[in-house]
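Read through the structure below, which is laid out as structure tokens, and then see the notes.
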Amino acid sequence: MGSIHQNPSFQTEVEPGRVLTMPADGTGLAVLDPWLNPFRDALRARYSHYKRFENQIEEAGGYDKFTQGYKYFGFNVGSDGTITYREWAPNAETASLVGDFNDWDVNAHPMTRSRQYDNVFELVLPPSASGEPAIPHGSKVKITMTVRNTGERIYRLPAWIRRVTQDLSKSPAYESIFWNPAAHYQFKHPRPKKPASLRVYEAHVGISSSEPRVGTYKEFTKNVLPRIAYLGYNTIQLMAIMEHAYYASFGYQVTSFFAPSSRYGTPEDLMELVDVAHSYGITVLLDVVHSHASKNVLDGLNMFDGSDECYFHGGGRGRHDLWDSRLFNYGYLPVTQFLLSNLRYWMDEYRFDGFRFDGVTSMLYKHHGMGFGFSGDYHEYFGDLVDEDGVMYLQVANKFLHNQYPNVITIAEDVSGMPGTCRPVNEGGIGFDYRLAMAIPDMWIKILKELRDDDWSMGDIVHTLTNRRHLEKAVAYCESHDQALVGDKSIAFWLMDKEMYTNMSDLTERTPIIDRGMALHKLIRFITHALGGEGYLNFEGNEFGHPEWLDFPREGNNSSFHYARRQWPILDDPLLRYKYLNEWDKAMQETEEHYGWLHLPQAYVSRKHEGDKIIAFERGNLLFIFNFHPTQSFSDYRIGTNLTGKLKIVLNSDDPKFFGHNRIDPACEYFTTVGDWDGRANWIQVYIPSRTALVLGKSDDVSHT
């Protein structure tokens with residue numbers, strides 16, 4: 001009798017108390033989501049592609065060796081002062097190291113071909129008799145190569161260089177610097193534990209000064225970190241850290257992947273920023289750009305060895321028409337080593353705690369999301385539209401990061417909603433922890449631009465806030481840096497516009513526009529926080545209703561810094577009304593810290609009444625009630641709940657300390673009555689004023705308020 005062969009499988013707990021058996025061939029996603037059953041072959045092929053590439057990494061020495069490329073390539077200084085420099089340049093015939101240290105003599109320090117690796121050039125520089133490195137710290141260096149077949153001599157910034165600087169008085173191009181300080185930064189504080197609920201403060205060091213100039217790492221550490229800690233955010237997402245030639249690109253035209261931007265200070269200054277953030281218990285994420293690279297040749301990776309390929313695809317596949325940038329060849333082992341080593345470098349050398357991956361949609365699809373509207377049809381996520389090498393790279397990156405750093409956090413900036421983006425790789429997923437809920441900010445801006453308050457649809461708002469894949473975590477936000485850029489404006493400015501210049505003082509009239517704007521600013525942010533995801537994100541300054549918009553110095557605005565800064569003085573002025581919004585934001589974060597709704601299951605929405613403009617839901621053992629009606633307050637309004645007994649107020653947006661009208665008695669108690677209402681077992685009656693959010697909790701669990 002023949003033996004029966006069973007396909008390998010594994011068991012996994014996908015949510016508390018729910019254990020599923022999944023095939024070990026990458027089709028586990030179809031166990032979670034039966035609608036994926038017709039795509040099992042595609043999932044299996046995708047996983048096989050990932051496993052084949054992982055085998056190549058193992059053959060190259062395994063993940064640990066493979067991801068420490070920065071300790072082999074680029075400049076490395078031994079304990080005795082010996083400098084070793086290596087570079088991968090497959091199209092180069094010869095290579096030399098030049099710089100201030102050898103008067104830029106192309107013949108002084110020729111590099112030799114490695115006997116160990118193909119297409120690698122290397123140079124070993126012994127120290128001086130006194131033990132000093134042959135290249136002085138802070139001096140300029142470059143690699144010069146002659147190109148195969150043509151013999152053309154080219155000069156490039158080393159691909160793995162850790163410090164580049166720019167002198168705009170001489171040239172917009174960057175110079176590469178040999179960085180070897182006598183004293184290396186010593187980290188003092190351990191990494192914080194991984195937050196159960198992710199509350200992210202998205203920040204840009206350069207715009208963090210209130211003065212019209214580029215802010216610094218040290219200023220951010222001293223002036224901004226305490227503000228973030230005060231508000232109760234447990235995570236910072238730092239933008240525009242990887243060096244980029246064009247300041248106005250918001251950091252998305254990276255030229256040197258291993259160099260923190262010198263605009264803001266030294267590498268040690270950034271290390272100190274991360275270290276001090278850790279002392280506050282704050283996790284720090286890097287906004288990493290592996291989706292594309294600057295097309296700059298003189299100070300970027302483009303045509304590094306004189307060829308159109310090298311780190312990128314050749315021809316049209318290697319160019320992003322909308323971003324005017326170069327696209328990586330993720331399926332080429334040396335390129336993947338460069339990128340994976342880049343991730344490890346930022347984790348190990350700077351102690352970052354994870355990454356927000358920029359431009360994931362562009363990485364996942366051959367069309368890069370350009371001119372393509374995703375409908376949610378599953379056929380859009382498989383077949384010829386998908387860049388399987390891009391999917392594979394993200395799977396490999398997430399697998400490595402989560403194995404190497406068990407507490408790492410990775411977030412995908414993806415608009416497509418590809419199934420499995422936030423499921424483990426062994427299930428056939430891409431392995432991210434979270435994805436950004438990018439439809440939410442688009443909804444709020446569209447509502448504010450196009451609809452009268454009476455026409456707001458409670459059903460549409462709830463649908464957008466809750467429309468996410470089950471068991472795939474999302475980070476909700478109502479506005480980010482994208483919404484604040486020139487051509488758009490902050491939610492506060494959409495709501496209050498020019499009256500922010502005249503009526504934000506406590507000494508001025510409380511006009512209808514200011515009253516409406518302040519109330520809706522609180523409600524929009526809070527319902528997004530409570531209903532929209534498993535994480536929450538706020539962009540720097542928006543928590544207190546930062547006016548106007550964001551615009552970096554550029555030719556079109558006469559290189560002005562006026563809108564490329566954060567106006568902290570308006571928050572710190574006790575006579576101005578921004579303080580009320582700031583305190584509301586603090587109250588949201590502190591209440592979430594206590595009740596933890598972000599890491600609990602999605603809310604049960606019991607009411608979305610279009611006429612009354614009421615939304616009610618339960619999450620985290622709390623009852624949330626929102627009244628978006630512009631004029632109507634309701635007495636003895638009946639709300640269904642599964643909570644029982646005596647309820648008390650946990651949070652009330654109508655409180656005077658949040659610029660409310662004080663229409664609700666803070667000592668009020670609510671008693672549940674048994675009886676079906678809106679599909680819940682009990683009901684209560686509340687007074688819910690217009691444009692007010694009210695949160696109720698069990699009376700024995702509201703001591704923190």
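Every chain in the structure tokens has a letter given in the order shown (A, B, ...), and although residue numbers restart at 1 in each chain, ligands are simply numbered from 1 in the order shown.
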
Within 12 Å of range 591-598 of chain A, which residues of range 128-247 of chain A come that close, and what is the closest atom pair and distance in Å for each? Count only C-alpha atoms and give it as JSON lines.
{"residue": "A:Pro195", "atom": "CA", "partner": "A:Glu593", "partner_atom": "CA", "distance": 9.9}
{"residue": "A:Ala196", "atom": "CA", "partner": "A:Gly596", "partner_atom": "CA", "distance": 7.9}
{"residue": "A:Ser197", "atom": "CA", "partner": "A:Leu598", "partner_atom": "CA", "distance": 5.3}
{"residue": "A:Leu198", "atom": "CA", "partner": "A:Leu598", "partner_atom": "CA", "distance": 7.3}
{"residue": "A:Arg199", "atom": "CA", "partner": "A:Leu598", "partner_atom": "CA", "distance": 8.7}
{"residue": "A:Val200", "atom": "CA", "partner": "A:Leu598", "partner_atom": "CA", "distance": 12.0}
{"residue": "A:Leu231", "atom": "CA", "partner": "A:Thr591", "partner_atom": "CA", "distance": 11.2}
{"residue": "A:Gly232", "atom": "CA", "partner": "A:Glu593", "partner_atom": "CA", "distance": 8.0}
{"residue": "A:Tyr233", "atom": "CA", "partner": "A:Glu593", "partner_atom": "CA", "distance": 9.2}
{"residue": "A:Asn234", "atom": "CA", "partner": "A:Glu593", "partner_atom": "CA", "distance": 9.3}

Report task. Can you pull out every residue within 7 Å of Tyr155 in chain A, counting only C-alpha atoms, but drop anything in the same chain fewer than 3 positions away, and send it as number ranges by chain? Result -> A: 142-145

Put those residues in a file: C-alpha atoms, as a compact mmCIF listing (two decimals), in the first residue's frame.
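File out.txt, as written:
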# COMPACT_ATOMS: atom_id res chain seq x y z
CA LYS A 142 36.20 60.44 -4.10
CA ILE A 143 36.54 57.31 -6.16
CA THR A 144 37.67 57.75 -9.74
CA MET A 145 37.19 55.00 -12.31

Report summary line: Across A:His290, A:Lys489, A:Arg115, A:Arg525, the smallest distance to Ser653 in chain A, with only C-alpha atoms counted, is shown by A:Arg525

Query raised in the report: Which residues come within 8 Å of range 516-518 of chain A, counting only C-alpha atoms, excluding same-chain residues fewer than 5 positions away, as a list in words?
Result: Ala492, Leu495, Met496, Leu581, Pro630, Phe659 and Arg691 of chain A

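For Ala24 in chain A, the residues within 8 Å (counting only C-alpha atoms, excluding itself and residues fewer than 4 positions away along the chain) are Asn7, Pro8, Ser9, Phe10, Gly28, Asn426 and Glu427 of chain A.
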
Dump of all heavy atoms for the selected residues, as a compact mmCIF listing (two decimals), in the first residue's frame:
# COMPACT_ATOMS: atom_id res chain seq x y z
N ASN A 7 1.29 17.60 2.63
CA ASN A 7 2.04 18.83 2.45
C ASN A 7 2.40 19.43 3.80
O ASN A 7 1.59 19.40 4.73
CB ASN A 7 1.20 19.85 1.65
CG ASN A 7 1.01 19.40 0.22
OD1 ASN A 7 1.92 18.81 -0.36
ND2 ASN A 7 -0.15 19.68 -0.35
N PRO A 8 3.62 19.95 3.94
CA PRO A 8 4.02 20.56 5.21
C PRO A 8 3.07 21.70 5.59
O PRO A 8 2.56 22.43 4.72
CB PRO A 8 5.43 21.08 4.92
CG PRO A 8 5.90 20.33 3.72
CD PRO A 8 4.67 20.04 2.92
N SER A 9 2.83 21.84 6.88
CA SER A 9 1.96 22.91 7.36
C SER A 9 2.46 23.38 8.72
O SER A 9 3.36 22.79 9.32
CB SER A 9 0.51 22.44 7.46
OG SER A 9 0.40 21.40 8.40
N PHE A 10 1.88 24.45 9.21
CA PHE A 10 2.23 24.96 10.53
C PHE A 10 0.98 25.55 11.15
O PHE A 10 0.01 25.90 10.45
CB PHE A 10 3.35 26.00 10.46
CG PHE A 10 2.98 27.25 9.70
CD1 PHE A 10 2.48 28.38 10.35
CD2 PHE A 10 3.14 27.31 8.31
CE1 PHE A 10 2.15 29.52 9.65
CE2 PHE A 10 2.80 28.45 7.60
CZ PHE A 10 2.30 29.56 8.28
N GLY A 28 -0.95 30.47 2.99
CA GLY A 28 -1.67 30.65 4.24
C GLY A 28 -2.65 31.80 4.20
O GLY A 28 -3.68 31.78 4.90
N ASN A 426 5.81 33.94 6.26
CA ASN A 426 5.58 32.50 6.13
C ASN A 426 4.13 32.16 5.80
O ASN A 426 3.82 31.04 5.40
CB ASN A 426 6.03 31.75 7.39
CG ASN A 426 5.21 32.09 8.62
OD1 ASN A 426 4.51 33.10 8.66
ND2 ASN A 426 5.31 31.26 9.64
N GLU A 427 3.22 33.13 5.93
CA GLU A 427 1.84 32.94 5.49
C GLU A 427 1.65 33.33 4.03
O GLU A 427 0.57 33.17 3.46
CB GLU A 427 0.89 33.78 6.35
CG GLU A 427 0.85 33.39 7.82
CD GLU A 427 -0.08 34.30 8.62
OE1 GLU A 427 -0.78 35.15 8.00
OE2 GLU A 427 -0.10 34.17 9.86

Do you know which residues are at most 12 Å from His521 in chain A counting only C-alpha atoms, after dropping those on the same chain fewer than 2 positions away, and could you put them as a PDB file with C-alpha atoms, in the first residue's frame?
ATOM      1  CA  TRP A 444     -11.345  64.533   5.453  1.00  0.00           C
ATOM      2  CA  LEU A 448     -13.910  70.001   4.153  1.00  0.00           C
ATOM      3  CA  CYS A 478      -6.335  62.702   9.348  1.00  0.00           C
ATOM      4  CA  GLU A 479      -3.478  64.737   7.879  1.00  0.00           C
ATOM      5  CA  SER A 490      -3.633  72.097   7.238  1.00  0.00           C
ATOM      6  CA  ILE A 491      -7.065  70.989   8.484  1.00  0.00           C
ATOM      7  CA  ALA A 492      -7.057  73.901  10.931  1.00  0.00           C
ATOM      8  CA  PHE A 493      -6.546  76.333   8.064  1.00  0.00           C
ATOM      9  CA  TRP A 494      -9.254  74.655   5.986  1.00  0.00           C
ATOM     10  CA  LEU A 495     -11.608  75.121   8.925  1.00  0.00           C
ATOM     11  CA  MET A 496     -10.695  78.637  10.076  1.00  0.00           C
ATOM     12  CA  ILE A 513     -15.928  80.277  12.328  1.00  0.00           C
ATOM     13  CA  ILE A 514     -13.479  79.869  15.208  1.00  0.00           C
ATOM     14  CA  ASP A 515     -16.057  78.044  17.334  1.00  0.00           C
ATOM     15  CA  ARG A 516     -16.828  75.609  14.505  1.00  0.00           C
ATOM     16  CA  GLY A 517     -13.188  75.177  13.530  1.00  0.00           C
ATOM     17  CA  MET A 518     -11.932  74.420  17.023  1.00  0.00           C
ATOM     18  CA  ALA A 519     -14.769  71.950  17.677  1.00  0.00           C
ATOM     19  CA  LEU A 523     -13.730  65.731  16.606  1.00  0.00           C
ATOM     20  CA  ILE A 524     -11.985  64.903  13.324  1.00  0.00           C
ATOM     21  CA  ARG A 525      -8.756  63.964  15.077  1.00  0.00           C
ATOM     22  CA  PHE A 526     -10.446  62.024  17.851  1.00  0.00           C
ATOM     23  CA  ILE A 527     -12.767  59.877  15.751  1.00  0.00           C
ATOM     24  CA  THR A 528      -9.806  59.087  13.469  1.00  0.00           C
ATOM     25  CA  ASN A 542      -0.899  69.815  13.430  1.00  0.00           C
ATOM     26  CA  GLU A 543      -1.754  68.707  16.954  1.00  0.00           C
ATOM     27  CA  PHE A 544      -2.205  72.347  17.957  1.00  0.00           C
ATOM     28  CA  GLY A 545      -3.783  73.493  14.711  1.00  0.00           C
ATOM     29  CA  HIS A 546      -0.731  74.838  12.893  1.00  0.00           C
ATOM     30  CA  TYR A 578      -3.757  76.980  20.107  1.00  0.00           C
ATOM     31  CA  TYR A 580      -6.605  74.294  23.852  1.00  0.00           C
ATOM     32  CA  LEU A 581      -6.030  72.047  20.844  1.00  0.00           C
ATOM     33  CA  ASN A 582      -2.642  71.006  22.202  1.00  0.00           C
ATOM     34  CA  TRP A 584      -6.922  68.064  23.698  1.00  0.00           C
ATOM     35  CA  ASP A 585      -4.265  66.162  21.775  1.00  0.00           C
ATOM     36  CA  PHE A 628     -21.359  66.225  14.371  1.00  0.00           C
ATOM     37  CA  SER A 653     -14.419  67.711  24.149  1.00  0.00           C
ATOM     38  CA  PHE A 658     -10.337  72.236  25.510  1.00  0.00           C
ATOM     39  CA  PHE A 659     -12.174  75.427  24.394  1.00  0.00           C
ATOM     40  CA  ARG A 691     -20.153  69.284  17.799  1.00  0.00           C
ATOM     41  CA  THR A 692     -19.107  67.353  20.880  1.00  0.00           C
ATOM     42  CA  ALA A 693     -17.311  64.067  21.541  1.00  0.00           C
TER      43      ALA A 693
END

Query - Interatomic distance, CA of Leu550 in chain A to CA of Ile207 in chain A (Å, one decimal) - result: 9.1 Å

Query - Long-range neighbours of Tyr393 in chain A as a ChimeraX atom specification, 7 Å cut-off, only C-alpha atoms, 4 positions minimum in chain - result: /A:330,389,397

Query - 12 Å contact set for Asp676 in chain A, only C-alpha atoms, chain neighbours under 5 positions out, as a ChimeraX atom specification - result: /A:606,638-642,681-684

For the selection you just gave me, I'd like the residues written to a file as a PDB file, in the first residue's frame, keeping N, CA and C atoms.
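Saved as part-v8.pdb:
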ATOM      1  N   SER A 606     -22.499  51.044  16.770  1.00  0.00           N
ATOM      2  CA  SER A 606     -23.916  50.753  17.003  1.00  0.00           C
ATOM      3  C   SER A 606     -24.836  51.796  16.376  1.00  0.00           C
ATOM      4  N   ARG A 638     -30.795  58.345  23.472  1.00  0.00           N
ATOM      5  CA  ARG A 638     -30.600  56.941  23.816  1.00  0.00           C
ATOM      6  C   ARG A 638     -29.470  56.332  22.976  1.00  0.00           C
ATOM      7  N   ILE A 639     -28.527  55.699  23.672  1.00  0.00           N
ATOM      8  CA  ILE A 639     -27.370  55.060  23.045  1.00  0.00           C
ATOM      9  C   ILE A 639     -27.287  53.625  23.536  1.00  0.00           C
ATOM     10  N   GLY A 640     -27.143  52.680  22.605  1.00  0.00           N
ATOM     11  CA  GLY A 640     -26.984  51.276  22.973  1.00  0.00           C
ATOM     12  C   GLY A 640     -25.571  50.971  23.435  1.00  0.00           C
ATOM     13  N   THR A 641     -25.462  50.016  24.363  1.00  0.00           N
ATOM     14  CA  THR A 641     -24.141  49.634  24.851  1.00  0.00           C
ATOM     15  C   THR A 641     -24.187  48.230  25.453  1.00  0.00           C
ATOM     16  N   ASN A 642     -23.067  47.550  25.387  1.00  0.00           N
ATOM     17  CA  ASN A 642     -22.939  46.278  26.088  1.00  0.00           C
ATOM     18  C   ASN A 642     -22.266  46.446  27.446  1.00  0.00           C
ATOM     19  N   ALA A 681     -27.122  45.119  24.220  1.00  0.00           N
ATOM     20  CA  ALA A 681     -27.965  44.516  25.257  1.00  0.00           C
ATOM     21  C   ALA A 681     -28.556  45.535  26.218  1.00  0.00           C
ATOM     22  N   ASN A 682     -27.915  46.720  26.304  1.00  0.00           N
ATOM     23  CA  ASN A 682     -28.362  47.747  27.248  1.00  0.00           C
ATOM     24  C   ASN A 682     -28.424  49.093  26.553  1.00  0.00           C
ATOM     25  N   TRP A 683     -28.941  50.080  27.267  1.00  0.00           N
ATOM     26  CA  TRP A 683     -28.929  51.441  26.742  1.00  0.00           C
ATOM     27  C   TRP A 683     -28.788  52.435  27.887  1.00  0.00           C
ATOM     28  N   ILE A 684     -28.305  53.620  27.521  1.00  0.00           N
ATOM     29  CA  ILE A 684     -28.261  54.740  28.456  1.00  0.00           C
ATOM     30  C   ILE A 684     -28.854  55.950  27.754  1.00  0.00           C
TER      31      ILE A 684
END

Query raised in the report: Which distance in Å separates CA of Leu531 in chain A and CA of Ala603 in chain A, to one decimal?
Result: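 Answer for the CA of Leu531 in chain A to CA of Ala603 in chain A separation: 6.4 Å.
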
Query - Separation of CA of Ser559 in chain A from CA of Asp572 in chain A, in Å and rounded to one decimal - result: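 Between these atoms lies a distance of 27.5 Å.
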
Query raised in the report: Out of range 220-366 of chain A, which residues get strand (DSSP E) from DSSP, as a ChimeraX atom specification?
Result: /A:235-239,242-244,254-260,283-288,319-320,325-326,354-357
